[in-house]
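Student: Sharing a structure, written as structure tokens. Questions coming.
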Amino acid sequence: MAFARPLLRRPLSGQLLGRRGVCAGAMAPPRRFVLELPDCTLAHFALGAYDPGDVDAPDPRLAALLGPPERSYSLCVPVTPDAGCGARVRAARLHQRLLHQLRRGPFQRCQLLRLLCYCPGGQAGAQQGFLLRDPLDGPDTRQALLELLGSCQEAPRPHLGEFEADPRGQLWQRLWEVQDGRRLQVACAQVVPAPEPPLHPVVPDLPSSVVFPDREAARAVLEECTSFIPEARAVLDLVDQCPKQVQKGKFQVVAIEGLDATGKTTVTQSVADSLKAALLKSPPSCIGQWRKIFDDEPTIIRRAFYSLGNYIVASEIAKESAKSPVIVDRYWHSTATYAIATEVSGGLQHLPPAHHPVYQWPEDLLKPDLILLLTVSPEERLQRLQGRGMEKTREEAELEANSVFRQKVEMSYQRMENPGCHVVDASPCREKVLQTVLSLIQNRFNEL
């Protein structure tokens, strides 16, 4: 695939080129990449021989993103399809550490984009990473990246790729390692266009990384964290005190969901008062004190914390619903929707399709009788947020700054099944919203 762009000031050296300009190093195994652009669209490319039958036409954006006169680098954290829980936690922590470092020093002038590396075929094991675009093509950026690579002495060690053009304008990726302080090229492959896969490549990893299908899957993650997060052991101890199988009492249980500033807190309190119901919240107060600690951790750890909080709440629901109705301020749907929206890059069209298993309620988690989703227009929600002065989590701040992320959360809410959400317009006055919610609850109770 040729690119009509100026060649690099420093073309590929002769020792790396064969007689036809083909990289003479060892070819990398078949891999594909998906790059998230600033407008939330995705660009796909692969390493290997170009097959014109794979795609209709090369993506012209790849030349602008990977080719000269600027310089681009890829940095990916390896994880195998059969990686255990511990390996996934270590990879996630390394990815977060790299993100913090790539926002400092000589990297501050570079454009930083989200990059995924995966094997074709829809299998698990997508590797999280970054594309670094240096507008100055400066040697200090390359040197800083090599130093960063050399500082990662424990597994998993990140893969550093450097993109260059040959004299014919074709793009190549050279893969580097640092061994004993020396920079070694370990692979080289041509960059070619790739088709968009039927499912976003991260979707097969969701059940093992952020949308845990059961209590034990989430518990295994926090078990791996006890050596560096002391509070993880305290959370596990509280979870282990909860019965694994709990039954709902004779009274009804209603979960109320919604983005921040949709009136959720006010509505849940008003409904609980009106029904003389117990009001519970996820995460529960017994672990809420550690929320800030886990919010600063990678997604896999953060989501395991919130998932286990749901199981603690389930135990509380079982006890309270034997005595009175129960209203729950957020439950499993919140945990799952934010996780999906965070992990799946790109826009709404890249979310898992409706009826995908990731939207199904966990079989070992107590179900509510009714789930209500409060919604307001984006404009009204922003107006309500102004002046609240409350500390925001990373994801709450993202909701305000990124409209696409907000839309992905809302779409994921609406695709939840077994049970699904009943959408309630929370724009009218408080009294009218309360009347609507109470009417829906009464109708549901009459059905049961």
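Chain labels run A, B, ... following the order of the structure tokens; each chain numbers its residues from 1, and ligands are numbered from 1 in the order shown.
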From region 47-145 of chain A, collect each residue whose DSSP state is alpha helix (DSSP H) and return the set as a VMD selection string.

Tutor: chain A and resid 61 to 66 85 to 101 139 to 145

Student: Give me a file of those residues, with C-alpha atoms, as a PDB file, in the first residue's frame.

Tutor:
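Wrote it out as selection_26.pdb, contents follow:
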```pdb
ATOM      1  CA  ARG A  61      -6.249   8.434   7.312  1.00  0.00           C
ATOM      2  CA  LEU A  62      -3.520   5.895   8.028  1.00  0.00           C
ATOM      3  CA  ALA A  63      -0.942   7.836   5.997  1.00  0.00           C
ATOM      4  CA  ALA A  64      -1.737  10.977   7.964  1.00  0.00           C
ATOM      5  CA  LEU A  65      -1.582   9.145  11.295  1.00  0.00           C
ATOM      6  CA  LEU A  66       1.387   6.851  10.785  1.00  0.00           C
ATOM      7  CA  CYS A  85      -6.772 -13.048  36.362  1.00  0.00           C
ATOM      8  CA  GLY A  86      -3.373 -12.122  37.776  1.00  0.00           C
ATOM      9  CA  ALA A  87      -1.890 -11.486  34.329  1.00  0.00           C
ATOM     10  CA  ARG A  88      -4.822  -9.269  33.371  1.00  0.00           C
ATOM     11  CA  VAL A  89      -4.463  -7.219  36.556  1.00  0.00           C
ATOM     12  CA  ARG A  90      -0.724  -6.755  36.003  1.00  0.00           C
ATOM     13  CA  ALA A  91      -1.297  -5.732  32.372  1.00  0.00           C
ATOM     14  CA  ALA A  92      -3.976  -3.220  33.393  1.00  0.00           C
ATOM     15  CA  ARG A  93      -1.734  -1.656  36.031  1.00  0.00           C
ATOM     16  CA  LEU A  94       1.156  -1.374  33.571  1.00  0.00           C
ATOM     17  CA  HIS A  95      -1.159   0.216  30.999  1.00  0.00           C
ATOM     18  CA  GLN A  96      -2.262   2.821  33.549  1.00  0.00           C
ATOM     19  CA  ARG A  97       1.319   3.538  34.593  1.00  0.00           C
ATOM     20  CA  LEU A  98       2.335   4.025  30.970  1.00  0.00           C
ATOM     21  CA  LEU A  99      -0.572   6.408  30.459  1.00  0.00           C
ATOM     22  CA  HIS A 100       0.592   8.585  33.352  1.00  0.00           C
ATOM     23  CA  GLN A 101       4.172   8.619  32.047  1.00  0.00           C
ATOM     24  CA  PRO A 139      15.258  12.067  18.888  1.00  0.00           C
ATOM     25  CA  ASP A 140      14.435  12.869  22.534  1.00  0.00           C
ATOM     26  CA  THR A 141      11.002  11.266  22.106  1.00  0.00           C
ATOM     27  CA  ARG A 142      12.514   8.035  20.797  1.00  0.00           C
ATOM     28  CA  GLN A 143      15.122   8.031  23.555  1.00  0.00           C
ATOM     29  CA  ALA A 144      12.484   8.647  26.240  1.00  0.00           C
ATOM     30  CA  LEU A 145      10.386   5.772  24.884  1.00  0.00           C
TER      31      LEU A 145
END
```

Student: Smallest atom-to-atom distance to Leu308 (chain A): which of A:Ala218, A:Val186, A:Ala261, A:Ala234, using only C-alpha atoms?

Tutor: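 For Leu308 (chain A), the nearest of the candidates is A:Ala218.
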
Student: Ala318 (chain A): which residues within 9 Å, counting only C-alpha atoms, same-chain residues fewer than 3 positions away excluded, as number ranges by chain?

Tutor: A: 246-249, 313-315, 321-322, 366

Student: If you run DSSP on the backbone here, which positions in region 180-402 of chain A get strand (DSSP E)? Please write them as a ChimeraX atom specification.

Tutor: /A:182-193,253-258,278-281,326-329,370-375

Student: Pick from A:His159, A:Glu164, A:Pro38, A:Leu136: nearest to Leu112 (chain A), with only C-alpha atoms counted?

Tutor: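 Checking each candidate against Leu112 (chain A), we get A:Pro38 as the closest.
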
Student: State, in Å with one decimal place, the distance from CA of Ala304 (chain A) to CA of Val221 (chain A).

Tutor: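 The value is 6.4 Å.
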
Student: Given the choices A:Gln241, A:Thr335, A:Asn402, A:Ser274, which gets closest to Pro362 (chain A) if the distance is worked out from only C-alpha atoms?

Tutor: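 Residue with the minimum atom-to-atom distance to Pro362 (chain A): A:Thr335.
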
Student: Per residue of region 164-237 of chain A within 10 Å of region 152-158 of chain A, record the nearest atom pair and its distance in Å to one decimal, counting only C-alpha atoms, with rows in chain order and ascending residue number, as CSV.

Tutor:
```
residue,atom,partner,partner_atom,distance
A:Trp176,CA,A:Pro158,CA,9.8
A:Glu177,CA,A:Pro158,CA,8.7
A:Val178,CA,A:Cys152,CA,9.5
A:Gln179,CA,A:Gln153,CA,9.6
```

Student: Based on the selection just made, write N, CA and C atoms of those residues as a short mmCIF file (atom, residue, chain, number, x, y, z; two decimals), in the first residue's frame.

Tutor:
```
data_model
loop_
_atom_site.label_atom_id
_atom_site.label_comp_id
_atom_site.auth_asym_id
_atom_site.auth_seq_id
_atom_site.Cartn_x
_atom_site.Cartn_y
_atom_site.Cartn_z
N TRP A 176 10.63 -3.08 18.71
CA TRP A 176 11.89 -2.97 19.46
C TRP A 176 11.75 -3.59 20.85
N GLU A 177 12.88 -4.09 21.34
CA GLU A 177 13.02 -4.50 22.73
C GLU A 177 14.32 -3.91 23.27
N VAL A 178 14.36 -3.76 24.58
CA VAL A 178 15.60 -3.33 25.24
C VAL A 178 16.08 -4.48 26.11
N GLN A 179 17.26 -5.00 25.80
CA GLN A 179 17.85 -6.11 26.54
C GLN A 179 19.25 -5.73 26.98
#
```

Student: For each of A:Ala46, A:Val376, A:Ile300, A:Ala126, take the minimum atom-to-atom distance to Ala217 (chain A), counting only C-alpha atoms, then give the residue where this is smallest.

Tutor: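 Comparing A:Ala46, A:Val376, A:Ile300, A:Ala126 against Ala217 (chain A), the winner is A:Ile300.
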
Student: I'd like the interatomic distance between CA of Asp369 (chain A) and CA of Val254 (chain A), to a tenth of an Å.

Tutor: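 According to the coordinates, CA of Asp369 (chain A) and CA of Val254 (chain A) are separated by 5.9 Å.
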
Student: Do you know which residues are at most 9 Å from Ser270 (chain A) counting only C-alpha atoms, after dropping those on the same chain fewer than 5 positions away, and could you put them as a count of residues only?

Tutor: 3

Student: If you measure from CA of Glu380 (chain A) to CA of Glu431 (chain A), what distance in Å do you get, rounded to one decimal?

Tutor: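 CA of Glu380 (chain A) sits 17.3 Å away from CA of Glu431 (chain A).
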
Student: Which residue is closest to Arg430 (chain A)? Choose from A:Ala354, A:Val267, A:Val239, A:Ala43 and count only C-alpha atoms.

Tutor: A:Val267

Student: At a cut-off of 12 Å, using only C-alpha atoms, what residues contact Val253 (chain A)? Leave out same-chain residues fewer than 2 positions from it and give the result as a PyMOL selection string.

Tutor: chain A and resi 247-251+255-256+271-272+275+277-280+313-314+316-329+331+366-372+441-442+444-445+448

Student: Output C-alpha atoms for every residue in the selection just made, as a short mmCIF file (atom, residue, chain, number, x, y, z; two decimals), in the first residue's frame.

Tutor:
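Saved to selection_21.cif:
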```
data_model
loop_
_atom_site.label_atom_id
_atom_site.label_comp_id
_atom_site.auth_asym_id
_atom_site.auth_seq_id
_atom_site.Cartn_x
_atom_site.Cartn_y
_atom_site.Cartn_z
CA GLN A 247 -33.64 -14.99 48.30
CA LYS A 248 -35.81 -11.89 48.05
CA GLY A 249 -38.40 -11.46 50.79
CA LYS A 250 -42.15 -11.05 50.29
CA PHE A 251 -41.91 -7.27 49.68
CA ALA A 255 -33.82 -0.26 41.55
CA ILE A 256 -33.58 3.30 40.25
CA VAL A 271 -40.17 7.09 46.65
CA ALA A 272 -38.75 5.39 49.73
CA LEU A 275 -43.73 3.64 50.24
CA ALA A 277 -39.47 1.45 52.08
CA ALA A 278 -35.88 0.71 53.03
CA LEU A 279 -33.45 2.78 50.98
CA LEU A 280 -30.22 1.06 49.95
CA VAL A 313 -26.21 -4.96 48.52
CA ALA A 314 -28.01 -8.14 47.42
CA GLU A 316 -28.93 -6.38 52.40
CA ILE A 317 -31.89 -6.51 49.99
CA ALA A 318 -32.68 -10.06 51.06
CA LYS A 319 -32.85 -9.01 54.71
CA GLU A 320 -34.78 -5.77 54.23
CA SER A 321 -37.30 -7.13 51.71
CA ALA A 322 -38.53 -9.55 54.36
CA LYS A 323 -39.74 -6.56 56.38
CA SER A 324 -40.66 -3.81 53.89
CA PRO A 325 -40.38 -2.70 50.25
CA VAL A 326 -36.83 -1.85 49.15
CA ILE A 327 -35.62 1.00 46.92
CA VAL A 328 -32.07 0.67 45.60
CA ASP A 329 -30.10 3.71 44.39
CA TYR A 331 -27.39 -1.58 41.14
CA LEU A 366 -30.55 -11.18 43.34
CA LYS A 367 -32.85 -9.48 40.83
CA PRO A 368 -35.09 -6.50 41.57
CA ASP A 369 -38.75 -6.64 40.56
CA LEU A 370 -38.51 -3.38 38.63
CA ILE A 371 -35.71 -1.16 37.29
CA LEU A 372 -36.43 2.47 36.43
CA ILE A 441 -44.30 0.79 40.70
CA GLN A 442 -47.98 0.25 41.59
CA ARG A 444 -45.79 -3.53 38.45
CA PHE A 445 -46.90 -4.65 41.90
CA LEU A 448 -46.92 -9.70 40.43
#
```

Student: Excluding Gly48 (chain A) and its own-chain neighbours fewer than 6 positions away, which residues fall within 7 Å of it when counting only C-alpha atoms? Please give them as a PyMOL selection string.

Tutor: chain A and resi 30+189-192

Student: Kindly export the residues of the current selection with C-alpha atoms, as an mmCIF file, in the first residue's frame.

Tutor:
```
data_model
loop_
_atom_site.group_PDB
_atom_site.id
_atom_site.type_symbol
_atom_site.label_atom_id
_atom_site.label_comp_id
_atom_site.auth_asym_id
_atom_site.auth_seq_id
_atom_site.Cartn_x
_atom_site.Cartn_y
_atom_site.Cartn_z
ATOM 1 C CA PRO A 30 -0.433 -11.750 12.126
ATOM 2 C CA ALA A 189 6.245 -5.905 9.084
ATOM 3 C CA GLN A 190 4.438 -3.870 6.474
ATOM 4 C CA VAL A 191 1.432 -1.784 7.518
ATOM 5 C CA VAL A 192 -1.592 -2.678 5.410
#
```

Student: Considering only C-alpha atoms, state which residue in the set A:Ala336, A:Leu374, A:Met416, A:Cys76 is at the smallest distance from Val437 (chain A).

Tutor: A:Leu374
